[in-house]
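> Structure below; questions to follow.
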Amino acid sequence: MAEGRTRRWIQPEPGDTLASVASRELPELPPADALRALQSWNLHLLLRPGTPGVLIGADVVWLEPPLPR
């Protein structure tokens, strides 16, 4: 990993869903592919007890896969 490089992430805006984040933050991908990518990088949001997939302002939404060590 390059020195100082951090994995890209955002905190959701009010009313955001993973689909809205995918379309806004990954516009270069087809919508279904962008959503699948976000889901695979953000299992912590999909597996959250009680409200799986629901985003709140304090969440961290990863916009890229984990960086190599």
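Ligands are numbered from 1 in the order shown, residues from 1 within each chain, and chains are lettered A, B, ... in the order they appear in the structure tokens.
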I need the residues in chain A that are strand (DSSP E or B) according to DSSP; give them as a list in words.

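Strand (DSSP E or B) members of chain A, listed: Trp9, Ile10, Val61 and Trp62 of chain A.
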
> Just the helix (DSSP H, G or I) stuff from range 9-59 of chain A, please, per backbone DSSP, written as a list in words.

Leu18, Ala19, Ser20, Val21, Ala22, Ser23, Arg24, Glu25, Pro31, Ala32, Asp33, Ala34, Leu35, Arg36, Ala37, Leu38, Gln39, Ser40, Trp41, Leu43, His44, Leu45 and Leu46 of chain A

> Between A:Gly15, A:Pro30, A:Pro66, A:Gly4, which residue has the minimum interatomic distance to Val54 in chain A, considering only C-alpha atoms?

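Using only C-alpha atoms, the shortest distance to Val54 in chain A belongs to A:Gly15.
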
> Near Ala58 in chain A, counting only C-alpha atoms, which residues have an atom at most 9 Å away, once you skip same-chain residues fewer than 3 positions from it, shown as a PyMOL selection string?

chain A and resi 11-12+55

> Would you mind exporting the chosen residues as a tab-separated table (two decimals), in the first residue's frame, restricted to C-alpha atoms?


```tsv
chain	number	residue	atom	x	y	z
A	11	GLN	CA	-20.97	9.04	5.35
A	12	PRO	CA	-24.49	8.86	3.91
A	55	LEU	CA	-28.18	3.76	6.33
```

> Contacts of Glu13 in chain A at 12 Å or less, counting only C-alpha atoms, minus same-chain residues fewer than 2 places along, as a PyMOL selection string?

chain A and resi 10-11+15-18+20-21+24+55-61

> Between CA of His44 in chain A and CA of Glu28 in chain A, what distance in Å does the model show, to one decimal?

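According to the coordinates, CA of His44 in chain A and CA of Glu28 in chain A are separated by 24.2 Å.
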
> Taking 5 positions as the minimum chain separation for residues in the same chain, which residues sit within 9 Å of Trp62 in chain A when counting only C-alpha atoms? Answer as an MDAnalysis selection string.

chainID A and resid 7:11 38 41:42

> For each of A:Pro52, A:Leu67, A:Arg5, A:Pro14, take the minimum atom-to-atom distance to Gln39 in chain A, counting only C-alpha atoms, then give the residue where this is smallest.

A:Pro52

> Compare A:Thr6, A:Leu63, A:Ala37, A:Thr51 by their minimum atom-to-atom distance to Glu25 in chain A, counting only C-alpha atoms, and give me the closest one.

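Going through A:Thr6, A:Leu63, A:Ala37, A:Thr51 one by one, the smallest distance to Glu25 in chain A is for A:Leu63.
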